Amino acid sequence: MGQQEKVSTSLAGAVSEGISASLAAVDAELDRRYPGDPGTRQPVHTVYVPGNVFDADTVRSWGDQALAALDEHAPDAASFAAVLGLADDLAEDVYGRVRAKLEREPIEDLRVDFEDGYAGQDEDQDAARAARLISEAYANGTAAPYMGIRMKCMESAVRDRGIRTTDVFLTGLLENGGLPDGLVLTLPKVTYPEQVSAFVRLLEAFEKAHGLDAGRLGFEIQIETSQSILATDGTAAVARMIGAAEGRATGLHYGTFDYSACLGVSAAYQASDHPAADHAKAIMQVAAAGTGVRVSDGSTNVLPVGSKEHVHEAWRLHYGLTRRALARAYYQGWDMHPGHIPTRYAAVFAFYREGFEAAAKRLSAYANHAGGDVMDEPATAKALSSYLLRGIDCGALDTAEVDALTGMSRAALDRFAAPRRGDLTASAE
């Protein structure tokens with residue numbers, strides 16, 4: 001070692017202490033508002049099934065219908081790849097993984113719908129039945145990883161009905177074994193932060209009534225109106241909604257068709273890649289960044305039904321929209337029909353498998369200070385590990401192959417993906 005340099009300072013320690021004291025409130029606010037990603041699994045999609053249609057075999061039925069669609073319209077890897085434009089070196093792997101996923105876990109997130117899609121005559125009975133069936137599904141191992149309901153919104157015309165359905169459903173879950181870990185509630189058509197606050201009060205009252213831990217019940221906020229993006233005072237209302245949720249918000253879900261219609265977009269042009277949709281989702285994304293609230297894309301209403309030509313056209317559209325969303329960091333979307341599931345998983349699996357090797361090698365090089373042709377920063381290492389973890393969670397990647405290329409355990413990947421604030425220097429195991 002060479003001679004050590006003399007180190008001199010000019011400021012007393014009291015200066016640093018004073019600055020820290022002046023920023024204490026800001027530090028606390030940052031920790032409260034921006035805790036970072038929760039590090040839990042995010043489903044790649046949400047499926048909506050009307051409350052009057054939902055039944056014990058819904059999850060399996062959707063998987064069987066999706067498999068039947070493949071058998072009829074793309075019975076092998078080559079035909080499926082030809083429809084979607086999959087590369088030859090991905091075709092067999094993606095097709096095999098899609099079929100295996102449809103057999104093992106066809107739906108990752110299911111919402112029993114008591115809002116736009118509901119056409120039942122006895123909502124109390126349907127909500128109670130949904131609670132019983134979901135409880136039974138978790139008990140017998142047939143549930144989707146995430147399940148719950150979308151109730152009616154907090155607008156005056158339907159508010160009482162939405163409150164009652166929420167109460168009936170949650171009470172039914174408690175009577176049939178308790179609240180499952182995968183429970184998700186979705187509050188639709190939110191226009192003002194005060195409506196979010198009102199829903200928080202509802203959940204607080206339910207928790208107190210049953211002696212549940214405060215904050216046990218979280219919910220997603222559906223963004224379907226222009227007012228939820230831009231408030232009358234010119235601020236981003238969606239950012240205020242996250243605050244109004246008081247830590248209970250888990251997601252922001254974009255409603256393609258309600259939002260488009262709200263802006264006057266003609267029916268033929270209402271789509272998740274319309275400029276109006278891109279604008280709304282970009283604001284949602286920035287508002288949610290760092291808060292632990294995840295953003296979900298919307299859906300396409302072009303259904304893969306009918307002739308082979310139309311099914312293939314609808315598949316190409318859905319695949320393309322899903323890949324577009326993934327590239328823009330919208331890792332979740334809505335699927336409206338069993339025929340959408342094969343292309344949802346094909347797009348997701350291709351996305352992760354195409355970039356897997358490069359991402360794994362970059363993360364390994366960063367963790368081992370090995371250098372390479374890309375100079376990555378800690379935040380990029382976080383993104384790389386998150387990418388690999390998402391791929392593992394959905395079934396696009398296998399834990400063993402990720403371990404082999406990165407030399408990291410799952411725990412090490414988790415530390416890179418969700419570091420503590422100010423600590424982006426996690427090391428591999």
# chains A, B, ... in the order shown; residues from 1 in each chain; ligands from 1

$ select_by_dssp --residues "segment 204-262 of chain A" --states "strand (DSSP E)" --output "list in words"
Phe219, Glu220, Ile221, Gln222, Ile223, Ala249, Thr250, Gly251, Leu252, His253 and Tyr254 of chain A

$ select_by_dssp --residues "segment 73-317 of chain A" --states "alpha helix (DSSP H)" --output "JSON, numbers by chain"
{"A": [73, 77, 78, 79, 80, 81, 82, 83, 84, 88, 89, 90, 91, 92, 93, 94, 95, 96, 97, 98, 99, 100, 101, 102, 103, 104, 123, 124, 125, 126, 127, 128, 129, 130, 131, 132, 133, 134, 135, 136, 137, 138, 139, 140, 159, 160, 161, 162, 163, 164, 165, 166, 167, 168, 169, 170, 171, 172, 173, 174, 175, 193, 194, 195, 196, 197, 198, 199, 200, 201, 202, 203, 204, 205, 206, 207, 208, 209, 210, 237, 238, 239, 240, 241, 242, 243, 244, 256, 257, 258, 259, 260, 261, 262, 275, 276, 277, 278, 279, 280, 281, 282, 283, 284, 285, 286, 287, 288, 308, 309, 310, 311, 312, 313, 314, 315, 316, 317]}

$ residues_around --residues "Tyr352 of chain A" --least-positions-apart "3" --cutoff "8 Å" --atoms "only C-alpha atoms" --output "number ranges by chain"
A: 348-349, 355-356, 387-388, 391, 396-397

$ write_last_selection --atoms "all heavy atoms" --output "PDB file, in the first residue's frame"
ATOM      1  N   VAL A 348     -45.944 -14.416 -22.039  1.00  0.00           N
ATOM      2  CA  VAL A 348     -45.177 -14.281 -20.807  1.00  0.00           C
ATOM      3  C   VAL A 348     -43.957 -15.206 -20.827  1.00  0.00           C
ATOM      4  O   VAL A 348     -42.831 -14.801 -20.502  1.00  0.00           O
ATOM      5  CB  VAL A 348     -46.066 -14.578 -19.588  1.00  0.00           C
ATOM      6  CG1 VAL A 348     -45.236 -14.674 -18.317  1.00  0.00           C
ATOM      7  CG2 VAL A 348     -47.135 -13.501 -19.439  1.00  0.00           C
ATOM      8  N   PHE A 349     -44.160 -16.451 -21.219  1.00  0.00           N
ATOM      9  CA  PHE A 349     -43.059 -17.412 -21.221  1.00  0.00           C
ATOM     10  C   PHE A 349     -41.993 -17.016 -22.242  1.00  0.00           C
ATOM     11  O   PHE A 349     -40.786 -17.101 -21.963  1.00  0.00           O
ATOM     12  CB  PHE A 349     -43.570 -18.819 -21.507  1.00  0.00           C
ATOM     13  CG  PHE A 349     -44.450 -19.391 -20.416  1.00  0.00           C
ATOM     14  CD1 PHE A 349     -45.152 -20.562 -20.619  1.00  0.00           C
ATOM     15  CD2 PHE A 349     -44.574 -18.750 -19.195  1.00  0.00           C
ATOM     16  CE1 PHE A 349     -45.963 -21.096 -19.622  1.00  0.00           C
ATOM     17  CE2 PHE A 349     -45.384 -19.265 -18.190  1.00  0.00           C
ATOM     18  CZ  PHE A 349     -46.080 -20.443 -18.408  1.00  0.00           C
ATOM     19  N   GLY A 355     -35.012 -13.483 -22.725  1.00  0.00           N
ATOM     20  CA  GLY A 355     -34.022 -12.667 -22.032  1.00  0.00           C
ATOM     21  C   GLY A 355     -33.341 -13.340 -20.863  1.00  0.00           C
ATOM     22  O   GLY A 355     -32.518 -12.707 -20.179  1.00  0.00           O
ATOM     23  N   PHE A 356     -33.684 -14.599 -20.619  1.00  0.00           N
ATOM     24  CA  PHE A 356     -33.213 -15.286 -19.415  1.00  0.00           C
ATOM     25  C   PHE A 356     -31.689 -15.357 -19.325  1.00  0.00           C
ATOM     26  O   PHE A 356     -31.080 -14.949 -18.333  1.00  0.00           O
ATOM     27  CB  PHE A 356     -33.832 -16.688 -19.362  1.00  0.00           C
ATOM     28  CG  PHE A 356     -33.069 -17.679 -18.527  1.00  0.00           C
ATOM     29  CD1 PHE A 356     -32.781 -17.403 -17.197  1.00  0.00           C
ATOM     30  CD2 PHE A 356     -32.643 -18.882 -19.067  1.00  0.00           C
ATOM     31  CE1 PHE A 356     -32.081 -18.318 -16.416  1.00  0.00           C
ATOM     32  CE2 PHE A 356     -31.944 -19.791 -18.301  1.00  0.00           C
ATOM     33  CZ  PHE A 356     -31.650 -19.508 -16.976  1.00  0.00           C
ATOM     34  N   TYR A 387     -36.757  -9.641 -12.632  1.00  0.00           N
ATOM     35  CA  TYR A 387     -37.099 -10.298 -13.904  1.00  0.00           C
ATOM     36  C   TYR A 387     -36.999 -11.820 -13.766  1.00  0.00           C
ATOM     37  O   TYR A 387     -37.912 -12.556 -14.162  1.00  0.00           O
ATOM     38  CB  TYR A 387     -36.153  -9.774 -14.979  1.00  0.00           C
ATOM     39  CG  TYR A 387     -36.238 -10.433 -16.329  1.00  0.00           C
ATOM     40  CD1 TYR A 387     -37.127  -9.954 -17.289  1.00  0.00           C
ATOM     41  CD2 TYR A 387     -35.420 -11.510 -16.654  1.00  0.00           C
ATOM     42  CE1 TYR A 387     -37.185 -10.552 -18.545  1.00  0.00           C
ATOM     43  CE2 TYR A 387     -35.470 -12.110 -17.902  1.00  0.00           C
ATOM     44  CZ  TYR A 387     -36.360 -11.623 -18.862  1.00  0.00           C
ATOM     45  OH  TYR A 387     -36.428 -12.207 -20.096  1.00  0.00           O
ATOM     46  N   LEU A 388     -35.915 -12.282 -13.182  1.00  0.00           N
ATOM     47  CA  LEU A 388     -35.733 -13.728 -13.024  1.00  0.00           C
ATOM     48  C   LEU A 388     -36.755 -14.319 -12.065  1.00  0.00           C
ATOM     49  O   LEU A 388     -37.297 -15.411 -12.304  1.00  0.00           O
ATOM     50  CB  LEU A 388     -34.316 -14.011 -12.539  1.00  0.00           C
ATOM     51  CG  LEU A 388     -33.195 -13.614 -13.506  1.00  0.00           C
ATOM     52  CD1 LEU A 388     -31.837 -13.791 -12.842  1.00  0.00           C
ATOM     53  CD2 LEU A 388     -33.267 -14.428 -14.792  1.00  0.00           C
ATOM     54  N   GLY A 391     -40.094 -14.671 -13.701  1.00  0.00           N
ATOM     55  CA  GLY A 391     -40.079 -15.816 -14.608  1.00  0.00           C
ATOM     56  C   GLY A 391     -40.240 -17.136 -13.878  1.00  0.00           C
ATOM     57  O   GLY A 391     -40.946 -18.039 -14.334  1.00  0.00           O
ATOM     58  N   ALA A 396     -42.234 -19.768 -16.313  1.00  0.00           N
ATOM     59  CA  ALA A 396     -41.454 -19.584 -17.528  1.00  0.00           C
ATOM     60  C   ALA A 396     -40.036 -20.108 -17.353  1.00  0.00           C
ATOM     61  O   ALA A 396     -39.405 -20.583 -18.305  1.00  0.00           O
ATOM     62  CB  ALA A 396     -41.423 -18.109 -17.914  1.00  0.00           C
ATOM     63  N   LEU A 397     -39.515 -19.996 -16.145  1.00  0.00           N
ATOM     64  CA  LEU A 397     -38.156 -20.428 -15.830  1.00  0.00           C
ATOM     65  C   LEU A 397     -38.193 -21.445 -14.696  1.00  0.00           C
ATOM     66  O   LEU A 397     -39.093 -21.427 -13.860  1.00  0.00           O
ATOM     67  CB  LEU A 397     -37.295 -19.233 -15.400  1.00  0.00           C
ATOM     68  CG  LEU A 397     -37.239 -18.030 -16.349  1.00  0.00           C
ATOM     69  CD1 LEU A 397     -36.416 -16.909 -15.716  1.00  0.00           C
ATOM     70  CD2 LEU A 397     -36.664 -18.425 -17.696  1.00  0.00           C
TER      71      LEU A 397
END

$ atom_distance --atom1 "atom CA of Ala367 of chain A" --atom2 "atom CA of Ala289 of chain A"
24.7 Å

$ atom_distance --atom1 "atom CA of Asn140 of chain A" --atom2 "atom CA of Arg97 of chain A"
24.6 Å

$ residues_around --residues "Glu313 of chain A" --least-positions-apart "2" --cutoff "12 Å" --atoms "only C-alpha atoms" --output "list in words"
His73, Ala82, Val83, Leu84, Val302, Leu303, Pro304, Val305, Gly306, Ser307, Lys308, Glu309, His310, Val311, Trp315, Arg316, Leu317, His318, Tyr319, Gly320, His340 and Thr343 of chain A

$ closest_residue --among "A:Leu174, A:Ala28, A:Val158, A:Ala87" --to "Phe206 of chain A" --atoms "only C-alpha atoms"
A:Leu174

$ residues_around --residues "Met154 of chain A" --least-positions-apart "6" --cutoff "9 Å" --atoms "only C-alpha atoms" --output "number ranges by chain"
A: 160, 162-163, 187-190, 195-196, 198-199

$ write_last_selection --atoms "N, CA, C and O atoms" --output "PDB file, in the first residue's frame"
ATOM      1  N   ASP A 160     -74.665   1.168  -1.314  1.00  0.00           N
ATOM      2  CA  ASP A 160     -75.176   0.268  -0.278  1.00  0.00           C
ATOM      3  C   ASP A 160     -75.075  -1.184  -0.710  1.00  0.00           C
ATOM      4  O   ASP A 160     -74.740  -2.061   0.102  1.00  0.00           O
ATOM      5  N   GLY A 162     -72.887  -2.445  -2.843  1.00  0.00           N
ATOM      6  CA  GLY A 162     -71.488  -2.834  -2.811  1.00  0.00           C
ATOM      7  C   GLY A 162     -70.998  -3.111  -1.405  1.00  0.00           C
ATOM      8  O   GLY A 162     -70.254  -4.066  -1.156  1.00  0.00           O
ATOM      9  N   ILE A 163     -71.411  -2.283  -0.462  1.00  0.00           N
ATOM     10  CA  ILE A 163     -71.023  -2.482   0.944  1.00  0.00           C
ATOM     11  C   ILE A 163     -71.589  -3.800   1.462  1.00  0.00           C
ATOM     12  O   ILE A 163     -70.894  -4.586   2.123  1.00  0.00           O
ATOM     13  N   LEU A 187     -61.929  -2.684  -5.927  1.00  0.00           N
ATOM     14  CA  LEU A 187     -62.880  -1.576  -5.874  1.00  0.00           C
ATOM     15  C   LEU A 187     -62.905  -0.876  -7.229  1.00  0.00           C
ATOM     16  O   LEU A 187     -61.919  -0.266  -7.629  1.00  0.00           O
ATOM     17  N   PRO A 188     -64.030  -0.941  -7.954  1.00  0.00           N
ATOM     18  CA  PRO A 188     -64.071  -0.384  -9.310  1.00  0.00           C
ATOM     19  C   PRO A 188     -64.512   1.073  -9.359  1.00  0.00           C
ATOM     20  O   PRO A 188     -64.963   1.649  -8.369  1.00  0.00           O
ATOM     21  N   LYS A 189     -64.318   1.662 -10.543  1.00  0.00           N
ATOM     22  CA  LYS A 189     -64.830   2.989 -10.893  1.00  0.00           C
ATOM     23  C   LYS A 189     -64.606   4.037  -9.804  1.00  0.00           C
ATOM     24  O   LYS A 189     -65.524   4.756  -9.409  1.00  0.00           O
ATOM     25  N   VAL A 190     -63.381   4.133  -9.356  1.00  0.00           N
ATOM     26  CA  VAL A 190     -63.035   5.133  -8.357  1.00  0.00           C
ATOM     27  C   VAL A 190     -62.758   6.452  -9.072  1.00  0.00           C
ATOM     28  O   VAL A 190     -61.971   6.501 -10.023  1.00  0.00           O
ATOM     29  N   GLN A 195     -63.555   8.302  -2.025  1.00  0.00           N
ATOM     30  CA  GLN A 195     -64.196   6.996  -2.170  1.00  0.00           C
ATOM     31  C   GLN A 195     -63.268   5.888  -1.684  1.00  0.00           C
ATOM     32  O   GLN A 195     -63.714   4.899  -1.102  1.00  0.00           O
ATOM     33  N   VAL A 196     -61.984   6.061  -1.909  1.00  0.00           N
ATOM     34  CA  VAL A 196     -60.996   5.117  -1.379  1.00  0.00           C
ATOM     35  C   VAL A 196     -61.005   5.175   0.146  1.00  0.00           C
ATOM     36  O   VAL A 196     -61.008   4.142   0.827  1.00  0.00           O
ATOM     37  N   ALA A 198     -63.426   5.988   2.039  1.00  0.00           N
ATOM     38  CA  ALA A 198     -64.661   5.371   2.522  1.00  0.00           C
ATOM     39  C   ALA A 198     -64.541   3.850   2.548  1.00  0.00           C
ATOM     40  O   ALA A 198     -65.016   3.193   3.489  1.00  0.00           O
ATOM     41  N   PHE A 199     -63.889   3.292   1.543  1.00  0.00           N
ATOM     42  CA  PHE A 199     -63.721   1.836   1.514  1.00  0.00           C
ATOM     43  C   PHE A 199     -62.772   1.392   2.628  1.00  0.00           C
ATOM     44  O   PHE A 199     -62.962   0.324   3.226  1.00  0.00           O
TER      45      PHE A 199
END

$ residues_around --residues "segment 78-80 of chain A" --least-positions-apart "3" --cutoff "8 Å" --atoms "only C-alpha atoms" --output "number ranges by chain"
A: 74-75, 83-84, 91-92, 95

$ closest_atom_pairs --of "segment 322-382 of chain A" --to "segment 410-413 of chain A" --cutoff "10 Å" --atoms "only C-alpha atoms" --output "tab-separated table"
residue	atom	partner	partner_atom	distance
A:Leu363	CA	A:Leu413	CA	9.4
A:Ala367	CA	A:Ala412	CA	10.0
A:Ala381	CA	A:Leu413	CA	9.6
A:Lys382	CA	A:Leu413	CA	8.6

$ residues_around --residues "Ala143 of chain A" --least-positions-apart "6" --cutoff "10 Å" --atoms "only C-alpha atoms" --output "list in words"
Ala56, Asp57, Thr58, Val59, Arg60, Glu105, Ile107, Glu108, Asp109, Leu110, Leu133, Ile134, Ser135, Glu136, Ala137 and Gly182 of chain A

$ atom_distance --atom1 "atom CA of Gln270 of chain A" --atom2 "atom CA of Gly298 of chain A"
11.0 Å

$ closest_atom_pairs --of "segment 299-328 of chain A" --to "segment 30-51 of chain A" --cutoff "10 Å" --atoms "only C-alpha atoms" --output "Markdown table"
| residue | atom | partner | partner_atom | distance |
| --- | --- | --- | --- | --- |
| A:Ser299 | CA | A:Thr46 | CA | 9.5 |
| A:Thr322 | CA | A:Val44 | CA | 9.9 |
| A:Leu326 | CA | A:Val44 | CA | 9.8 |

$ closest_atom_pairs --of "segment 121-229 of chain A" --to "segment 282-286 of chain A" --cutoff "12 Å" --atoms "only C-alpha atoms" --output "tab-separated table"
residue	atom	partner	partner_atom	distance
A:Ile221	CA	A:Met284	CA	10.8
A:Gln222	CA	A:Met284	CA	10.7
A:Ile223	CA	A:Met284	CA	8.5
A:Glu224	CA	A:Met284	CA	11.5
A:Ser226	CA	A:Ile283	CA	11.6
A:Ser228	CA	A:Met284	CA	9.5
A:Ile229	CA	A:Ile283	CA	7.1

$ decode --residues "segment 314-325 of chain A" --atoms "all heavy atoms" --output "PDB file, in the first residue's frame"
ATOM      1  N   ALA A 314     -57.210 -13.360 -33.490  1.00  0.00           N
ATOM      2  CA  ALA A 314     -57.398 -12.890 -32.113  1.00  0.00           C
ATOM      3  C   ALA A 314     -56.210 -13.273 -31.245  1.00  0.00           C
ATOM      4  O   ALA A 314     -55.790 -12.488 -30.364  1.00  0.00           O
ATOM      5  CB  ALA A 314     -58.692 -13.464 -31.538  1.00  0.00           C
ATOM      6  N   TRP A 315     -55.666 -14.448 -31.458  1.00  0.00           N
ATOM      7  CA  TRP A 315     -54.477 -14.868 -30.707  1.00  0.00           C
ATOM      8  C   TRP A 315     -53.292 -13.945 -30.991  1.00  0.00           C
ATOM      9  O   TRP A 315     -52.573 -13.551 -30.078  1.00  0.00           O
ATOM     10  CB  TRP A 315     -54.112 -16.306 -31.069  1.00  0.00           C
ATOM     11  CG  TRP A 315     -54.824 -17.336 -30.245  1.00  0.00           C
ATOM     12  CD1 TRP A 315     -55.633 -17.122 -29.167  1.00  0.00           C
ATOM     13  CD2 TRP A 315     -54.785 -18.753 -30.436  1.00  0.00           C
ATOM     14  NE1 TRP A 315     -56.094 -18.316 -28.675  1.00  0.00           N
ATOM     15  CE2 TRP A 315     -55.592 -19.335 -29.430  1.00  0.00           C
ATOM     16  CE3 TRP A 315     -54.159 -19.580 -31.356  1.00  0.00           C
ATOM     17  CZ2 TRP A 315     -55.763 -20.711 -29.319  1.00  0.00           C
ATOM     18  CZ3 TRP A 315     -54.329 -20.961 -31.257  1.00  0.00           C
ATOM     19  CH2 TRP A 315     -55.130 -21.516 -30.241  1.00  0.00           C
ATOM     20  N   ARG A 316     -53.081 -13.620 -32.266  1.00  0.00           N
ATOM     21  CA  ARG A 316     -51.966 -12.739 -32.614  1.00  0.00           C
ATOM     22  C   ARG A 316     -52.132 -11.364 -31.957  1.00  0.00           C
ATOM     23  O   ARG A 316     -51.165 -10.777 -31.460  1.00  0.00           O
ATOM     24  CB  ARG A 316     -51.840 -12.601 -34.130  1.00  0.00           C
ATOM     25  CG  ARG A 316     -51.146 -13.770 -34.805  1.00  0.00           C
ATOM     26  CD  ARG A 316     -50.858 -13.483 -36.257  1.00  0.00           C
ATOM     27  NE  ARG A 316     -52.071 -13.461 -37.060  1.00  0.00           N
ATOM     28  CZ  ARG A 316     -52.593 -14.523 -37.665  1.00  0.00           C
ATOM     29  NH1 ARG A 316     -51.993 -15.700 -37.558  1.00  0.00           N
ATOM     30  NH2 ARG A 316     -53.699 -14.422 -38.375  1.00  0.00           N
ATOM     31  N   LEU A 317     -53.370 -10.857 -31.960  1.00  0.00           N
ATOM     32  CA  LEU A 317     -53.630  -9.565 -31.331  1.00  0.00           C
ATOM     33  C   LEU A 317     -53.328  -9.617 -29.838  1.00  0.00           C
ATOM     34  O   LEU A 317     -52.623  -8.753 -29.302  1.00  0.00           O
ATOM     35  CB  LEU A 317     -55.087  -9.157 -31.564  1.00  0.00           C
ATOM     36  CG  LEU A 317     -55.557  -7.906 -30.805  1.00  0.00           C
ATOM     37  CD1 LEU A 317     -54.814  -6.669 -31.295  1.00  0.00           C
ATOM     38  CD2 LEU A 317     -57.070  -7.724 -30.956  1.00  0.00           C
ATOM     39  N   HIS A 318     -53.849 -10.630 -29.168  1.00  0.00           N
ATOM     40  CA  HIS A 318     -53.667 -10.743 -27.722  1.00  0.00           C
ATOM     41  C   HIS A 318     -52.203 -10.956 -27.364  1.00  0.00           C
ATOM     42  O   HIS A 318     -51.687 -10.340 -26.416  1.00  0.00           O
ATOM     43  CB  HIS A 318     -54.520 -11.902 -27.191  1.00  0.00           C
ATOM     44  CG  HIS A 318     -54.525 -12.015 -25.704  1.00  0.00           C
ATOM     45  ND1 HIS A 318     -54.034 -13.128 -25.043  1.00  0.00           N
ATOM     46  CD2 HIS A 318     -54.941 -11.169 -24.731  1.00  0.00           C
ATOM     47  CE1 HIS A 318     -54.163 -12.964 -23.734  1.00  0.00           C
ATOM     48  NE2 HIS A 318     -54.708 -11.780 -23.521  1.00  0.00           N
ATOM     49  N   TYR A 319     -51.530 -11.796 -28.114  1.00  0.00           N
ATOM     50  CA  TYR A 319     -50.097 -12.046 -27.888  1.00  0.00           C
ATOM     51  C   TYR A 319     -49.310 -10.756 -28.044  1.00  0.00           C
ATOM     52  O   TYR A 319     -48.465 -10.410 -27.202  1.00  0.00           O
ATOM     53  CB  TYR A 319     -49.595 -13.102 -28.872  1.00  0.00           C
ATOM     54  CG  TYR A 319     -48.123 -13.408 -28.751  1.00  0.00           C
ATOM     55  CD1 TYR A 319     -47.653 -14.369 -27.856  1.00  0.00           C
ATOM     56  CD2 TYR A 319     -47.189 -12.748 -29.562  1.00  0.00           C
ATOM     57  CE1 TYR A 319     -46.298 -14.650 -27.756  1.00  0.00           C
ATOM     58  CE2 TYR A 319     -45.827 -13.026 -29.466  1.00  0.00           C
ATOM     59  CZ  TYR A 319     -45.393 -13.978 -28.566  1.00  0.00           C
ATOM     60  OH  TYR A 319     -44.056 -14.249 -28.463  1.00  0.00           O
ATOM     61  N   GLY A 320     -49.589 -10.016 -29.098  1.00  0.00           N
ATOM     62  CA  GLY A 320     -48.869  -8.773 -29.347  1.00  0.00           C
ATOM     63  C   GLY A 320     -49.110  -7.732 -28.272  1.00  0.00           C
ATOM     64  O   GLY A 320     -48.181  -7.040 -27.834  1.00  0.00           O
ATOM     65  N   LEU A 321     -50.359  -7.597 -27.835  1.00  0.00           N
ATOM     66  CA  LEU A 321     -50.669  -6.635 -26.776  1.00  0.00           C
ATOM     67  C   LEU A 321     -49.998  -7.018 -25.458  1.00  0.00           C
ATOM     68  O   LEU A 321     -49.524  -6.154 -24.710  1.00  0.00           O
ATOM     69  CB  LEU A 321     -52.187  -6.532 -26.579  1.00  0.00           C
ATOM     70  CG  LEU A 321     -52.972  -5.859 -27.710  1.00  0.00           C
ATOM     71  CD1 LEU A 321     -54.474  -5.984 -27.450  1.00  0.00           C
ATOM     72  CD2 LEU A 321     -52.578  -4.388 -27.871  1.00  0.00           C
ATOM     73  N   THR A 322     -49.956  -8.312 -25.175  1.00  0.00           N
ATOM     74  CA  THR A 322     -49.326  -8.772 -23.939  1.00  0.00           C
ATOM     75  C   THR A 322     -47.827  -8.525 -23.971  1.00  0.00           C
ATOM     76  O   THR A 322     -47.241  -8.049 -22.982  1.00  0.00           O
ATOM     77  CB  THR A 322     -49.620 -10.256 -23.699  1.00  0.00           C
ATOM     78  OG1 THR A 322     -51.042 -10.464 -23.669  1.00  0.00           O
ATOM     79  CG2 THR A 322     -49.027 -10.726 -22.384  1.00  0.00           C
ATOM     80  N   ARG A 323     -47.186  -8.833 -25.106  1.00  0.00           N
ATOM     81  CA  ARG A 323     -45.749  -8.575 -25.219  1.00  0.00           C
ATOM     82  C   ARG A 323     -45.457  -7.076 -25.119  1.00  0.00           C
ATOM     83  O   ARG A 323     -44.469  -6.665 -24.507  1.00  0.00           O
ATOM     84  CB  ARG A 323     -45.224  -9.117 -26.553  1.00  0.00           C
ATOM     85  CG  ARG A 323     -45.100 -10.624 -26.639  1.00  0.00           C
ATOM     86  CD  ARG A 323     -44.163 -11.202 -25.595  1.00  0.00           C
ATOM     87  NE  ARG A 323     -42.842 -10.626 -25.622  1.00  0.00           N
ATOM     88  CZ  ARG A 323     -41.779 -11.197 -26.198  1.00  0.00           C
ATOM     89  NH1 ARG A 323     -41.908 -12.378 -26.804  1.00  0.00           N
ATOM     90  NH2 ARG A 323     -40.599 -10.621 -26.137  1.00  0.00           N
ATOM     91  N   ARG A 324     -46.295  -6.263 -25.712  1.00  0.00           N
ATOM     92  CA  ARG A 324     -46.127  -4.811 -25.646  1.00  0.00           C
ATOM     93  C   ARG A 324     -46.212  -4.331 -24.195  1.00  0.00           C
ATOM     94  O   ARG A 324     -45.414  -3.508 -23.743  1.00  0.00           O
ATOM     95  CB  ARG A 324     -47.205  -4.133 -26.493  1.00  0.00           C
ATOM     96  CG  ARG A 324     -47.126  -2.616 -26.561  1.00  0.00           C
ATOM     97  CD  ARG A 324     -48.276  -2.090 -27.424  1.00  0.00           C
ATOM     98  NE  ARG A 324     -48.134  -0.663 -27.703  1.00  0.00           N
ATOM     99  CZ  ARG A 324     -48.577   0.309 -26.928  1.00  0.00           C
ATOM    100  NH1 ARG A 324     -49.204   0.004 -25.788  1.00  0.00           N
ATOM    101  NH2 ARG A 324     -48.412   1.577 -27.260  1.00  0.00           N
ATOM    102  N   ALA A 325     -47.177  -4.861 -23.456  1.00  0.00           N
ATOM    103  CA  ALA A 325     -47.340  -4.479 -22.054  1.00  0.00           C
ATOM    104  C   ALA A 325     -46.135  -4.903 -21.223  1.00  0.00           C
ATOM    105  O   ALA A 325     -45.643  -4.137 -20.381  1.00  0.00           O
ATOM    106  CB  ALA A 325     -48.613  -5.099 -21.492  1.00  0.00           C
TER     107      ALA A 325
END
